[in-house]
Structure formats: structure tokens, C-alpha cells
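Okay, work.cif is below, mmCIF, C-alpha atoms and all ligand atoms:
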data_data
loop_
_atom_site.label_atom_id
_atom_site.label_comp_id
_atom_site.auth_asym_id
_atom_site.auth_seq_id
_atom_site.Cartn_x
_atom_site.Cartn_y
_atom_site.Cartn_z
CA MET A 10 0.00 0.00 0.00
CA LYS A 11 1.48 3.34 -1.03
CA LEU A 12 0.62 6.04 1.47
CA SER A 13 0.74 9.80 1.29
CA ALA A 14 2.62 11.75 3.96
CA PHE A 15 -0.77 12.17 5.66
CA GLY A 16 -1.40 8.42 5.38
CA GLN A 17 2.00 7.61 6.83
CA LYS A 18 1.56 9.94 9.75
CA PHE A 19 -2.01 9.01 10.62
CA ALA A 20 -2.36 5.39 9.52
CA GLY A 21 0.88 4.30 11.17
CA GLN A 22 1.76 3.90 14.82
CA SER A 23 1.67 6.91 17.08
CA GLY A 24 2.11 7.23 20.82
CA ILE A 25 -1.61 7.44 21.53
CA VAL A 26 -2.46 4.53 19.21
CA SER A 27 0.14 2.19 20.76
CA LEU A 28 -1.02 3.09 24.24
CA MET A 29 -4.69 2.52 23.37
CA GLU A 30 -3.82 -0.78 21.68
CA ASP A 31 -1.87 -1.89 24.71
CA LEU A 32 -4.69 -0.97 27.07
CA GLY A 33 -7.19 -2.76 24.80
CA THR A 34 -5.04 -5.92 24.67
CA ALA A 35 -4.55 -5.90 28.44
CA LEU A 36 -8.31 -5.63 28.92
CA SER A 37 -9.17 -8.41 26.49
CA ASP A 38 -6.43 -10.69 27.91
CA ASN A 39 -7.67 -10.10 31.44
CA PRO A 40 -11.26 -8.80 31.60
CA ASP A 41 -11.00 -8.72 35.41
CA ILE A 42 -8.10 -6.29 35.36
CA LEU A 43 -8.57 -3.26 37.64
CA PHE A 44 -9.06 -0.65 34.96
CA MET A 45 -7.91 2.73 36.18
CA GLY A 46 -6.50 3.80 32.86
CA GLY A 47 -9.36 5.10 30.75
CA GLY A 48 -11.33 8.32 30.58
CA ASN A 49 -14.77 6.74 30.98
CA PRO A 50 -17.07 8.69 33.27
CA ALA A 51 -18.47 6.95 36.33
CA ARG A 52 -21.79 5.10 36.24
CA ILE A 53 -24.04 7.27 38.38
CA LYS A 54 -27.43 5.61 38.62
CA PRO A 55 -29.71 8.68 38.95
CA VAL A 56 -27.96 10.26 35.95
CA GLU A 57 -28.30 7.09 33.89
CA ASP A 58 -32.00 6.96 34.82
CA ILE A 59 -32.58 10.53 33.66
CA PHE A 60 -30.95 9.96 30.27
CA ARG A 61 -32.72 6.63 29.80
CA GLN A 62 -36.08 8.30 30.42
CA ARG A 63 -35.24 11.11 28.02
CA LEU A 64 -34.24 8.60 25.35
CA GLN A 65 -37.41 6.59 25.91
CA ALA A 66 -39.54 9.73 25.44
CA ILE A 67 -37.86 10.30 22.06
CA LEU A 68 -38.39 6.68 21.00
CA ASP A 69 -42.07 6.86 22.00
CA ASP A 70 -42.66 9.87 19.71
CA PRO A 71 -42.50 8.92 15.98
CA ASP A 72 -41.58 12.47 14.85
CA LYS A 73 -38.85 12.85 17.44
CA CYS A 74 -37.60 9.38 16.60
CA HIS A 75 -37.46 10.32 12.92
CA GLY A 76 -35.51 13.46 13.89
CA LEU A 77 -33.07 11.28 15.81
CA LEU A 78 -32.51 8.57 13.23
CA GLY A 79 -33.77 9.76 9.89
CA THR A 80 -32.35 13.26 9.32
CA TYR A 81 -29.04 15.02 8.74
CA GLN A 82 -28.39 18.02 10.95
CA ALA A 83 -27.34 21.36 9.47
CA HIS A 84 -23.56 21.62 9.15
CA GLN A 85 -23.08 23.88 12.17
CA GLY A 86 -25.56 21.89 14.25
CA ASP A 87 -29.28 21.93 15.07
CA LYS A 88 -30.26 25.61 15.32
CA ALA A 89 -32.82 25.19 18.11
CA PHE A 90 -30.26 23.26 20.15
CA MET A 91 -27.57 25.90 19.58
CA GLU A 92 -30.03 28.63 20.64
CA GLN A 93 -30.73 26.74 23.84
CA VAL A 94 -27.01 26.33 24.55
CA ALA A 95 -26.37 30.04 23.94
CA ASP A 96 -29.30 31.08 26.19
CA PHE A 97 -28.17 28.68 28.89
CA LEU A 98 -24.60 30.04 28.91
CA ASN A 99 -25.88 33.64 28.86
CA ARG A 100 -28.11 32.91 31.86
CA GLN A 101 -25.31 31.24 33.79
CA PHE A 102 -22.49 33.65 33.13
CA GLY A 103 -24.01 36.85 31.72
CA TRP A 104 -22.34 36.32 28.35
CA ASN A 105 -23.81 37.70 25.18
CA LEU A 106 -23.91 34.71 22.86
CA SER A 107 -26.25 33.84 20.03
CA TRP A 108 -26.54 30.55 18.16
CA ARG A 109 -24.01 31.97 15.70
CA ASN A 110 -21.37 31.60 18.43
CA ILE A 111 -22.02 27.87 18.79
CA ALA A 112 -21.13 24.82 16.71
CA VAL A 113 -21.77 21.16 17.41
CA SER A 114 -19.27 18.40 16.65
CA ASN A 115 -19.07 14.62 16.90
CA GLY A 116 -17.30 14.78 20.26
CA SER A 117 -14.78 17.42 21.15
CA GLN A 118 -11.83 15.25 20.07
CA PRO A 119 -12.39 15.68 16.30
CA ALA A 120 -13.17 19.35 16.89
CA PHE A 121 -9.69 19.76 18.38
CA PHE A 122 -8.23 18.12 15.30
CA VAL A 123 -9.92 20.63 13.01
CA LEU A 124 -9.27 23.69 15.18
CA TYR A 125 -5.65 22.88 15.90
CA ASN A 126 -4.89 22.38 12.24
CA MET A 127 -6.74 25.59 11.39
CA PHE A 128 -4.44 27.58 13.66
CA ALA A 129 -1.10 25.75 13.48
CA GLY A 130 1.10 23.76 11.11
CA GLN A 131 2.07 25.21 7.76
CA MET A 132 0.55 28.67 7.38
CA ALA A 133 -0.67 30.11 4.10
CA ASP A 134 2.56 32.19 3.82
CA GLY A 135 4.72 29.07 4.21
CA SER A 136 5.76 29.77 7.81
CA GLN A 137 5.19 27.18 10.56
CA ARG A 138 3.15 27.66 13.70
CA THR A 139 2.63 25.51 16.77
CA ILE A 140 -0.09 24.99 19.33
CA HIS A 141 1.42 26.02 22.64
CA LEU A 142 0.42 24.28 25.87
CA PRO A 143 1.23 26.77 28.64
CA LEU A 144 1.30 24.05 31.25
CA ALA A 145 2.43 20.50 30.49
CA PRO A 146 1.36 17.83 31.59
CA GLU A 147 -1.71 18.17 29.38
CA TYR A 148 -4.34 15.94 27.79
CA LEU A 149 -2.76 13.04 25.95
CA GLY A 150 -5.47 13.14 23.29
CA TYR A 151 -3.97 16.35 21.84
CA ALA A 152 -0.74 14.54 20.97
CA ASP A 153 -0.39 13.43 17.36
CA ALA A 154 -3.36 15.53 16.20
CA GLY A 155 -1.18 17.83 14.09
CA LEU A 156 -0.85 17.35 10.36
CA SER A 157 2.80 18.34 10.57
CA ASP A 158 5.65 17.30 12.86
CA ASP A 159 6.74 19.32 15.90
CA PHE A 160 3.20 20.61 16.11
CA TYR A 161 3.21 21.37 19.85
CA THR A 162 5.37 23.37 22.17
CA ALA A 163 4.86 23.53 25.93
CA THR A 164 6.09 25.27 29.04
CA ARG A 165 7.32 23.39 32.09
CA PRO A 166 5.27 24.34 35.17
CA THR A 167 6.41 25.51 38.59
CA ILE A 168 5.52 23.27 41.51
CA GLU A 169 3.92 24.52 44.70
CA TYR A 170 4.09 22.16 47.69
CA LEU A 171 0.83 22.43 49.63
CA ASP A 172 1.50 19.91 52.40
CA ASP A 173 3.57 16.76 52.91
CA ASN A 174 1.73 15.00 50.12
CA LEU A 175 -0.22 17.51 48.04
CA PHE A 176 1.25 19.74 45.35
CA LYS A 177 -0.05 21.99 42.59
CA TYR A 178 1.35 22.98 39.20
CA HIS A 179 1.26 26.60 38.11
CA VAL A 180 1.93 28.22 34.76
CA ASP A 181 5.49 29.54 34.79
CA PHE A 182 4.92 32.95 33.26
CA SER A 183 8.63 33.76 33.63
CA LYS A 184 9.31 31.07 30.99
CA LEU A 185 6.18 31.39 28.86
CA LYS A 186 7.17 33.38 25.78
CA LEU A 187 4.99 33.65 22.69
CA GLY A 188 6.67 34.28 19.39
CA ASP A 189 5.49 34.65 15.78
CA SER A 190 5.46 30.88 15.56
CA THR A 191 2.72 30.36 18.15
CA GLY A 192 -0.66 29.73 16.51
CA ALA A 193 -2.88 29.29 19.59
CA LEU A 194 -2.70 28.56 23.30
CA CYS A 195 -4.62 25.64 24.74
CA VAL A 196 -5.36 24.55 28.29
CA SER A 197 -7.75 21.99 29.72
CA ARG A 198 -9.49 23.31 32.84
CA PRO A 199 -9.87 21.16 34.93
CA THR A 200 -6.82 19.47 33.48
CA ASN A 201 -6.67 15.89 32.35
CA PRO A 202 -4.42 14.25 33.69
CA THR A 203 -3.68 16.21 36.88
CA GLY A 204 -7.02 17.49 38.17
CA ASN A 205 -5.44 20.96 38.26
CA VAL A 206 -7.73 23.94 37.84
CA LEU A 207 -5.83 26.96 36.56
CA THR A 208 -6.56 29.93 38.81
CA ASP A 209 -8.69 32.81 37.49
CA ASP A 210 -5.53 34.97 37.52
CA GLU A 211 -3.66 32.44 35.40
CA VAL A 212 -6.49 32.27 32.86
CA GLU A 213 -6.77 36.07 32.69
CA HIS A 214 -3.02 36.35 32.22
CA LEU A 215 -3.11 33.77 29.40
CA ASP A 216 -6.05 35.59 27.85
CA ALA A 217 -4.13 38.88 27.90
CA MET A 218 -1.04 37.24 26.38
CA ALA A 219 -3.08 35.56 23.64
CA LYS A 220 -4.83 38.84 22.80
CA ALA A 221 -1.54 40.71 22.66
CA ALA A 222 -0.16 38.06 20.30
CA ASP A 223 -3.38 38.08 18.24
CA ILE A 224 -3.92 34.34 18.64
CA PRO A 225 -6.84 32.46 20.22
CA LEU A 226 -6.85 30.94 23.69
CA ILE A 227 -8.58 27.56 23.54
CA ILE A 228 -10.05 26.43 26.87
CA ASP A 229 -11.02 22.79 27.03
CA GLY A 230 -13.86 22.58 29.53
CA ALA A 231 -14.65 18.87 29.03
CA TYR A 232 -14.87 18.36 32.81
CA GLY A 233 -15.68 21.88 33.88
CA LEU A 234 -18.32 24.52 34.03
CA PRO A 235 -21.20 24.83 33.61
CA PHE A 236 -21.43 21.11 32.85
CA PRO A 237 -20.62 18.42 33.82
CA GLY A 238 -19.33 20.46 36.78
CA ILE A 239 -16.56 18.08 37.88
CA ILE A 240 -14.74 20.90 39.56
CA PHE A 241 -14.17 21.40 43.27
CA THR A 242 -12.88 24.99 43.38
CA ASP A 243 -14.55 28.37 42.86
CA ALA A 244 -13.02 28.91 39.44
CA ARG A 245 -14.81 31.40 37.20
CA PRO A 246 -15.35 30.43 33.55
CA LEU A 247 -14.05 32.99 31.08
CA TRP A 248 -15.19 33.66 27.55
CA ASN A 249 -14.69 36.53 25.16
CA ASP A 250 -14.18 37.01 21.43
CA ASN A 251 -10.65 35.72 21.63
CA ILE A 252 -11.47 32.56 23.57
CA VAL A 253 -12.62 29.28 22.08
CA LEU A 254 -14.43 27.33 24.78
CA MET A 255 -14.76 23.61 24.11
CA LEU A 256 -17.53 21.75 25.92
CA SER A 257 -18.57 18.12 25.72
CA LEU A 258 -21.48 15.95 26.80
CA SER A 259 -19.15 12.99 27.37
CA LYS A 260 -18.30 13.42 31.03
CA LEU A 261 -21.98 13.88 31.90
CA GLY A 262 -22.13 10.15 31.25
CA LEU A 263 -22.71 10.32 27.48
CA PRO A 264 -19.39 9.56 25.76
CA GLY A 265 -21.32 7.31 23.35
CA ALA A 266 -23.40 10.26 22.14
CA ARG A 267 -20.19 11.83 20.72
CA THR A 268 -21.24 15.44 21.16
CA GLY A 269 -18.88 18.38 21.47
CA ILE A 270 -19.92 22.02 21.65
CA ILE A 271 -17.69 24.84 20.46
CA VAL A 272 -18.27 28.39 21.72
CA ALA A 273 -16.37 31.07 19.79
CA ARG A 274 -16.72 34.28 17.85
CA GLU A 275 -18.68 33.97 14.61
CA GLU A 276 -15.64 34.12 12.34
CA ILE A 277 -14.12 31.08 14.07
CA ILE A 278 -17.45 29.20 14.20
CA ASN A 279 -18.00 29.72 10.46
CA ALA A 280 -14.49 28.58 9.61
CA PHE A 281 -14.85 25.57 11.89
CA ALA A 282 -18.28 24.63 10.48
CA ASN A 283 -16.96 24.77 6.90
CA ALA A 284 -13.92 22.65 7.72
CA THR A 285 -15.78 20.06 9.73
CA THR A 286 -18.41 19.61 7.02
CA ILE A 287 -15.73 18.28 4.69
CA VAL A 288 -14.80 15.58 7.18
CA ASN A 289 -18.12 14.84 8.88
CA LEU A 290 -20.84 16.16 6.56
CA SER A 291 -23.05 16.66 9.58
CA CYS A 292 -22.90 15.93 13.28
CA GLY A 293 -24.74 13.21 15.15
CA THR A 294 -28.26 13.78 16.44
CA LEU A 295 -28.24 11.79 19.68
CA GLY A 296 -26.60 14.32 22.03
CA PRO A 297 -28.67 17.32 20.89
CA ALA A 298 -31.87 15.20 20.95
CA LEU A 299 -31.22 14.03 24.52
CA MET A 300 -30.38 17.54 25.70
CA LYS A 301 -33.07 19.52 23.87
CA GLY A 302 -35.27 21.28 26.39
CA PHE A 303 -33.05 20.07 29.22
CA PHE A 304 -31.02 23.29 29.08
CA GLU A 305 -34.13 25.40 29.62
CA GLY A 306 -35.10 24.91 33.27
CA ASP A 307 -33.14 24.21 36.45
CA GLU A 308 -33.43 20.43 36.19
CA PHE A 309 -30.22 19.97 34.22
CA LEU A 310 -27.96 21.96 36.52
CA ASP A 311 -29.68 20.35 39.51
CA MET A 312 -28.68 16.97 38.11
CA CYS A 313 -25.03 18.08 37.82
CA ARG A 314 -24.98 19.70 41.25
CA THR A 315 -26.84 16.95 43.07
CA HIS A 316 -25.40 13.87 41.45
CA ILE A 317 -22.27 14.55 39.41
CA THR A 318 -20.17 17.10 41.34
CA PRO A 319 -20.64 15.46 44.77
CA PHE A 320 -19.95 11.98 43.41
CA TYR A 321 -16.54 12.95 42.04
CA ARG A 322 -15.69 15.30 44.93
CA ASP A 323 -16.33 12.55 47.49
CA ARG A 324 -14.48 9.99 45.44
CA ALA A 325 -11.47 12.29 44.94
CA MET A 326 -11.28 12.86 48.69
CA ALA A 327 -11.62 9.14 49.43
CA ALA A 328 -8.99 8.16 46.85
CA THR A 329 -6.58 10.78 48.22
CA GLN A 330 -7.09 9.42 51.73
CA TRP A 331 -6.55 5.82 50.57
CA CYS A 332 -3.27 6.88 48.95
CA ARG A 333 -2.17 8.67 52.12
CA GLU A 334 -2.91 5.52 54.15
CA ASP A 335 -1.38 2.96 51.81
CA MET A 336 1.64 5.01 50.70
CA GLN A 337 2.67 6.28 54.11
CA GLY A 338 6.42 6.67 54.36
CA LEU A 339 6.95 6.71 50.58
CA PRO A 340 8.22 9.84 48.78
CA PHE A 341 4.88 10.30 47.01
CA HIS A 342 2.95 13.42 46.09
CA ILE A 343 -0.59 13.80 44.77
CA HIS A 344 -1.60 16.73 42.62
CA LYS A 345 -4.34 18.53 44.58
CA PRO A 346 -7.53 17.11 43.06
CA GLU A 347 -9.46 20.21 42.03
CA GLY A 348 -11.55 18.60 39.29
CA ALA A 349 -11.74 15.97 36.50
CA ILE A 350 -11.74 12.26 37.28
CA PHE A 351 -8.11 11.38 37.90
CA LEU A 352 -5.45 11.35 40.58
CA TRP A 353 -1.98 12.32 39.38
CA LEU A 354 0.62 10.62 41.52
CA TRP A 355 4.24 11.69 41.59
CA PHE A 356 6.81 9.30 43.08
CA GLU A 357 9.89 11.42 43.64
CA GLY A 358 13.12 9.60 42.74
CA LEU A 359 11.17 6.56 41.47
CA PRO A 360 13.84 3.87 40.95
CA ILE A 361 12.36 2.83 37.57
CA THR A 362 10.53 4.82 34.88
CA SER A 363 6.77 5.30 35.00
CA GLN A 364 6.59 3.21 31.79
CA GLU A 365 8.26 0.31 33.62
CA LEU A 366 5.94 0.83 36.57
CA TYR A 367 2.98 0.66 34.16
CA GLU A 368 4.27 -2.68 32.81
CA ARG A 369 4.73 -4.09 36.29
CA LEU A 370 1.29 -2.97 37.42
CA LYS A 371 -0.23 -4.51 34.31
CA THR A 372 1.19 -7.90 35.26
CA ARG A 373 -0.31 -7.41 38.73
CA GLY A 374 -3.75 -6.74 37.25
CA VAL A 375 -3.90 -2.93 37.49
CA LEU A 376 -4.04 -0.58 34.52
CA ILE A 377 -2.97 3.03 34.90
CA ILE A 378 -1.43 5.45 32.38
CA PRO A 379 2.30 6.18 32.60
CA GLY A 380 2.88 9.90 33.01
CA GLN A 381 5.46 10.62 30.30
CA ASN A 382 2.69 10.45 27.66
CA PHE A 383 1.13 13.65 28.98
CA PHE A 384 4.12 15.94 28.56
CA VAL A 385 2.97 16.78 25.04
CA GLY A 386 5.28 19.31 23.39
CA LEU A 387 7.73 19.46 26.30
CA ARG A 388 11.09 18.43 24.94
CA ASP A 389 13.15 19.09 28.12
CA ASP A 390 15.04 16.28 29.67
CA TRP A 391 13.12 16.35 32.97
CA ARG A 392 13.18 13.35 35.27
CA HIS A 393 9.77 14.34 36.67
CA LYS A 394 8.19 13.21 33.36
CA HIS A 395 9.10 9.62 34.23
CA GLU A 396 8.04 9.73 37.87
CA CYS A 397 4.28 10.28 37.53
CA ILE A 398 1.24 8.14 36.79
CA ARG A 399 -2.41 8.93 36.14
CA MET A 400 -5.14 6.80 37.69
CA SER A 401 -8.84 7.23 37.18
CA TYR A 402 -11.06 7.15 40.26
CA ALA A 403 -14.29 6.85 38.29
CA GLN A 404 -14.62 3.07 38.58
CA ASP A 405 -16.55 1.39 41.38
CA GLU A 406 -15.19 1.96 44.85
CA LYS A 407 -13.86 -1.58 45.29
CA THR A 408 -11.76 -1.32 42.11
CA VAL A 409 -10.27 2.02 43.09
CA ARG A 410 -9.55 0.90 46.66
CA GLU A 411 -7.88 -2.33 45.55
CA GLY A 412 -6.00 -0.62 42.71
CA ILE A 413 -4.47 1.91 45.09
CA ARG A 414 -3.46 -0.87 47.48
CA ILE A 415 -1.62 -2.72 44.69
CA ILE A 416 0.03 0.44 43.32
CA ALA A 417 1.28 1.29 46.82
CA GLU A 418 2.58 -2.23 47.39
CA GLU A 419 4.42 -2.30 44.07
CA VAL A 420 5.96 1.14 44.51
CA ARG A 421 7.01 0.36 48.09
CA SER A 422 8.81 -2.79 46.92
CA LEU A 423 10.73 -0.69 44.37
CA TYR A 424 12.03 1.79 46.92
CA GLU A 425 12.83 -1.02 49.37
CA THR A 426 14.94 -3.01 46.92
CA GLU A 427 16.76 0.08 45.63
N1 LIG B 1 -10.63 16.97 26.42
C1 LIG B 1 -10.25 16.31 27.51
C2 LIG B 1 -9.48 17.04 28.55
C3 LIG B 1 -10.57 14.95 27.67
O1 LIG B 1 -10.18 14.29 28.76
C4 LIG B 1 -11.31 14.30 26.64
C5 LIG B 1 -11.64 12.86 26.74
O2 LIG B 1 -11.27 12.15 27.64
C6 LIG B 1 -11.66 15.04 25.52
C7 LIG B 1 -11.32 16.37 25.44
C8 LIG B 1 -12.42 14.42 24.39
O3 LIG B 1 -13.72 14.15 24.75
P1 LIG B 1 -14.90 13.86 23.73
O4 LIG B 1 -14.31 13.69 22.35
O5 LIG B 1 -15.53 12.61 24.21
O6 LIG B 1 -15.81 15.05 23.78
#

Taking this structure as input, can you express it in the form of C-alpha cells?
Amino acid sequence: MKLSAFGQKFAGQSGIVSLMEDLGTALSDNPDILFMGGGNPARIKPVEDIFRQRLQAILDDPDKCHGLLGTYQAHQGDKAFMEQVADFLNRQFGWNLSWRNIAVSNGSQPAFFVLYNMFAGQMADGSQRTIHLPLAPEYLGYADAGLSDDFYTATRPTIEYLDDNLFKYHVDFSKLKLGDSTGALCVSRPTNPTGNVLTDDEVEHLDAMAKAADIPLIIDGAYGLPFPGIIFTDARPLWNDNIVLMLSLSKLGLPGARTGIIVAREEIINAFANATTIVNLSCGTLGPALMKGFFEGDEFLDMCRTHITPFYRDRAMAATQWCREDMQGLPFHIHKPEGAIFLWLWFEGLPITSQELYERLKTRGVLIIPGQNFFVGLRDDWRHKHECIRMSYAQDEKTVREGIRIIAEEVRSLYETE
């Protein structure tokens, strides 16, 4: 098979593909493995019940069912749905959006692909631009999404020690320099993999820098506000004409609906809608159908506040406590869990690499993600990259409790035999 440069880059092996393959093989070889590696949201019964009832109501109505299964949506998305999203965001945050500021995509992942390649890579004048991640570690799913090589750059964070075990990353503004080759800034807030929530000051500072450089600031709110609300701090969402806010229905419990929502100024929305039409033709109907009308009253936010936020907040606190108990005496640190669905563990001076730790844990029946994969765009030789792991705490309590026990046991044996 003769492949184009695009074919070679995308059809071949990449970091994210090998990791996903390895996780998939481990799961099929051992279906009982304690799976703390993926990004699946938790099963929260009252939330599942609500979405099942909403789906049933659609299926019981022949016209709605036809709308769900038998029609293409307009290329930017269903207008009534986009109006509801805009009104909802305006009500929550006092923004001034119309449906023209909204686009719908088949999950936020492909929307990142389109947006990133709109702003970075080879520019029309032949120059090269990169997507800059102001704070790495960042979401692994961004890696390999560029059509050209060396697509990302990143800034190494500063580390604040909060107590014996908790720490927090901050954007190192003394090192963050934007040049002509930066095409956009992107941060996830809360951050996958660390659970960090950039402070309001940090976001405002990034916003000011992006404006001064005349490039967009992309804020990935997959876990954040106003939904699904997996955020445990008082962070304030920010949007203006220079910000592209990416939202998703996935972490509400609907990753199968593949619905992303892009909030941006009209010029960006139009460009995005044109580009995504070439790849997708139209976006899926399931997410918008399930959510239509739900944005209008208080019921939707009540669901997030009553069932989703407390579930993850309680679980984050419990998982942190279990780590403190089981890892006592080890040189371990946990990134302060401020949101998202993961604990980010840092084993200072780990005698082996996090990749080797991942392999060992796999043989012991626990799947986590080795940390070096998340330092997208950071080319420094930094030992810290190989000392961290990400574990999801969204699985059932027994899995998380047992997984932490095994991780602690394995890591303790490494330090003891050093
Ligand atoms: N952004 C972040 C930070 C994520 O963790 C994920 C998925 O795990 C995505 C984006 C992509 O989500 P989706 O394509 O399901 O909307």
C-alpha cells in the first residue's frame, strides 16, 4: 500500500495509538483487570436513569424518533439546540452569545483536530506555527493531532508544595514566551491528567497574552463549568471574542453520544463549520436530541450539582485518603484534586521509569497510564516526566480501593529493593 505523507503519519503507529492498543489488549487478555487507565465517566445511577427516560420519550414519539434517526443536521448543528445552549450560557455567566457563536461536533476530540490544524502547522505564507500548551502535563489526546511534525510546544510548570503530600502545578509565566510561531494557546481546565484547575488569575493572564499576540486561547472545559461540573474549586469560567471554549457531553455520562460544543466568535465558528463539514458532513443527532429542552429549566444543573459534582468530589477525597494511608512513608505526592476524574501521583526519585511501573502494574492486574505520555510538546530532559502516573477514580469503589493498594505495594517494593 502506497501512502501519502498524511497516510503515513495518521495510519501508522503513534504514541496514543500504541497506548490505546496496549490498554485494549490488556483488557481483552484479562477482563478482570482493575481498569484505572481510561477516561470513561463513572456510572451514576440517577444520571443514567434521567438519560434513559429522556431517550425513551424520544423513541415513543414517531416524529422525534425520525428526527433522531432519519435526518441530517445542518452543518453547524441543530439551530434550536444551539439557541438553547447560547441562552443557557448567557443565563449562567451573563455572556452575550447567540446561536451563531455555537457549533456542534461529533465529540470534542475531532473538533480539536480541526481547530488545531486551522491555527497551526504550515501557514498560508509558508511559515510554521505551533499549538502552545502553557502548562504540560496536558491531555494526551492532543498529541499526534497535528498534520505536521513538531506541532506542539509547551512550558514546564512551577511546583507549589501544599502539604507533605499535596502539590499543585502553576503556569510559569517567567518562561512562557509567545513568538510569531505560536498559533494558539490551549489549556484543559480542569486538566486531564492532573485534576489541576488553573486559577482565574492564570487564565486572565493567558487571555491577555493571547490577545496581545493576536492568537486564540482555547479552553477545554470537558470536565468543567457549567457542565458536567466536575470541579471542586470556585473557578470562574471565562469567555470573550478571543477565547474558544470547548464543551462536551461525554463526562456527563454520554461519551457514546459523541457530542462536542464549540463556543467562539462567529468568524471562528463559520471557519470551523466549513472545515468540519468536509470531514463529517453533519454531526450526530443523539446528544442534541437528549439535551433539547433540558437546558431550559433548572433540572439539568440540579442533576449536575446533586449527582455529578458530589460523586466525584467525594471519590477524589476518598482516593486521596486511601493513597495517604497505603503510601505512608513513601516519597509520594498527589496533585491537589481540584476537578476531573483522575489522581496524578508523583513518586519522587522513582527507581524505575513510569513506563516500567505501568508494565509491572499490568502484570499485577492494574491498569494506569504512565505519566510521560502527557508531557505533550515538552522536549526538556526532565526526570519528573518519568516519575508520575495517572489513575482514574471513576470506577466502582472496590476497584479504586484495591488498585491503590496494589500500586502502593508495588511502589514500596521498588524503593525497598533500591
Ligand atoms: N478533552 C479532555 C481534557 C478529555 O479528557 C477528553 C476525553 O477524555 C476530551 C477532550 C475528548 O472528549 P470527547 O471527544 O468525548 O468530547

Selected residue of minimal separation from ligand LIG 1 (chain B) among A:Gly16, A:Gly230, A:Gly76, A:Gly103, counting all atoms listed in the file: A:Gly230

Near-ligand residues for ligand LIG 1 (chain B), threshold 6 Å, only C-alpha atoms and all ligand atoms, as a list in words: Gly48, Gly116, Ser117, Gln118, Tyr148, Ser197, Asn201, Asp229, Ala231, Ser257, Ser259, Pro264, Arg267 and Gly269 of chain A

Expressed in Å to a single decimal, how great is the separation between CA of Asp158 in chain A and CA of Asn283 in chain A? 24.5 Å

Point (-36.4, 29.5, 28.7), cut-off 8 Å, counting only C-alpha atoms, residues as a PyMOL selection string: chain A and resi 93+96+305-306

Please tabulate, as CSV, the residues of range 86-157 of chain A that come within 12 Å of range 392-413 of chain A, each with its closest pair of atoms and the distance in Å to one decimal, counting only C-alpha atoms and ordering rows by chain, then residue number upward.
residue,atom,partner,partner_atom,distance
A:Ala145,CA,A:Lys394,CA,9.7
A:Pro146,CA,A:Lys394,CA,8.4
A:Glu147,CA,A:Arg399,CA,11.5
A:Tyr148,CA,A:Arg399,CA,11.1
A:Leu149,CA,A:Arg399,CA,11.0

Go ahead and save the residues from that selection, with C-alpha atoms, as an mmCIF file, in the coordinates of the input.
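What follows is the written file selection.cif:
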data_model
loop_
_atom_site.group_PDB
_atom_site.id
_atom_site.type_symbol
_atom_site.label_atom_id
_atom_site.label_comp_id
_atom_site.auth_asym_id
_atom_site.auth_seq_id
_atom_site.Cartn_x
_atom_site.Cartn_y
_atom_site.Cartn_z
ATOM 1 C CA ALA A 145 2.430 20.500 30.490
ATOM 2 C CA PRO A 146 1.360 17.830 31.590
ATOM 3 C CA GLU A 147 -1.710 18.170 29.380
ATOM 4 C CA TYR A 148 -4.340 15.940 27.790
ATOM 5 C CA LEU A 149 -2.760 13.040 25.950
#

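We find CA of Val180 in chain A and CA of Tyr321 in chain A to be spaced 25.0 Å apart.
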
Counting only C-alpha atoms, the residue of A:Ser114, A:Thr372, A:Asn99, A:Asn126 that sits nearest Ile415 in chain A: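 Smallest distance to Ile415 in chain A is found for A:Thr372.
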
Residues near Arg314 in chain A, anyone? I mean within 12 Å using only C-alpha atoms, not counting same-chain ones fewer than 6 positions away, as an MDAnalysis selection string. chainID A and resid 56 234:241 261 307:308 320:322

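Of the residues listed (A:Cys313, A:Leu376, A:Ile271, A:Pro166), A:Ile271 shows the shortest atom-to-atom separation from Thr285 in chain A; distances use all atoms listed in the file.
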
Which residue, A:Thr167, A:Arg245, A:Asp216, A:Leu387, has the smallest gap to Ile140 in chain A when you use all atoms listed in the file?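 Answer, going by the shortest atom-to-atom distance: A:Leu387.
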
List as a PyMOL selection string the protein and nucleic acid residues near Thr203 in chain A, meaning an atom at most 7 Å away when only C-alpha atoms are counted, but skip any in the same chain fewer than 4 places from it. chain A and resi 344+351-353

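Residue nearest Asp311 in chain A within the list A:Met336, A:Ile59, A:Val253, A:Leu64: A:Ile59 [criterion: smallest interatomic distance, only C-alpha atoms].
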
For Asn382 in chain A, which residue out of A:Leu247, A:Asp153, A:Asp70, A:Arg109 is the nearest one, using only C-alpha atoms? A:Asp153
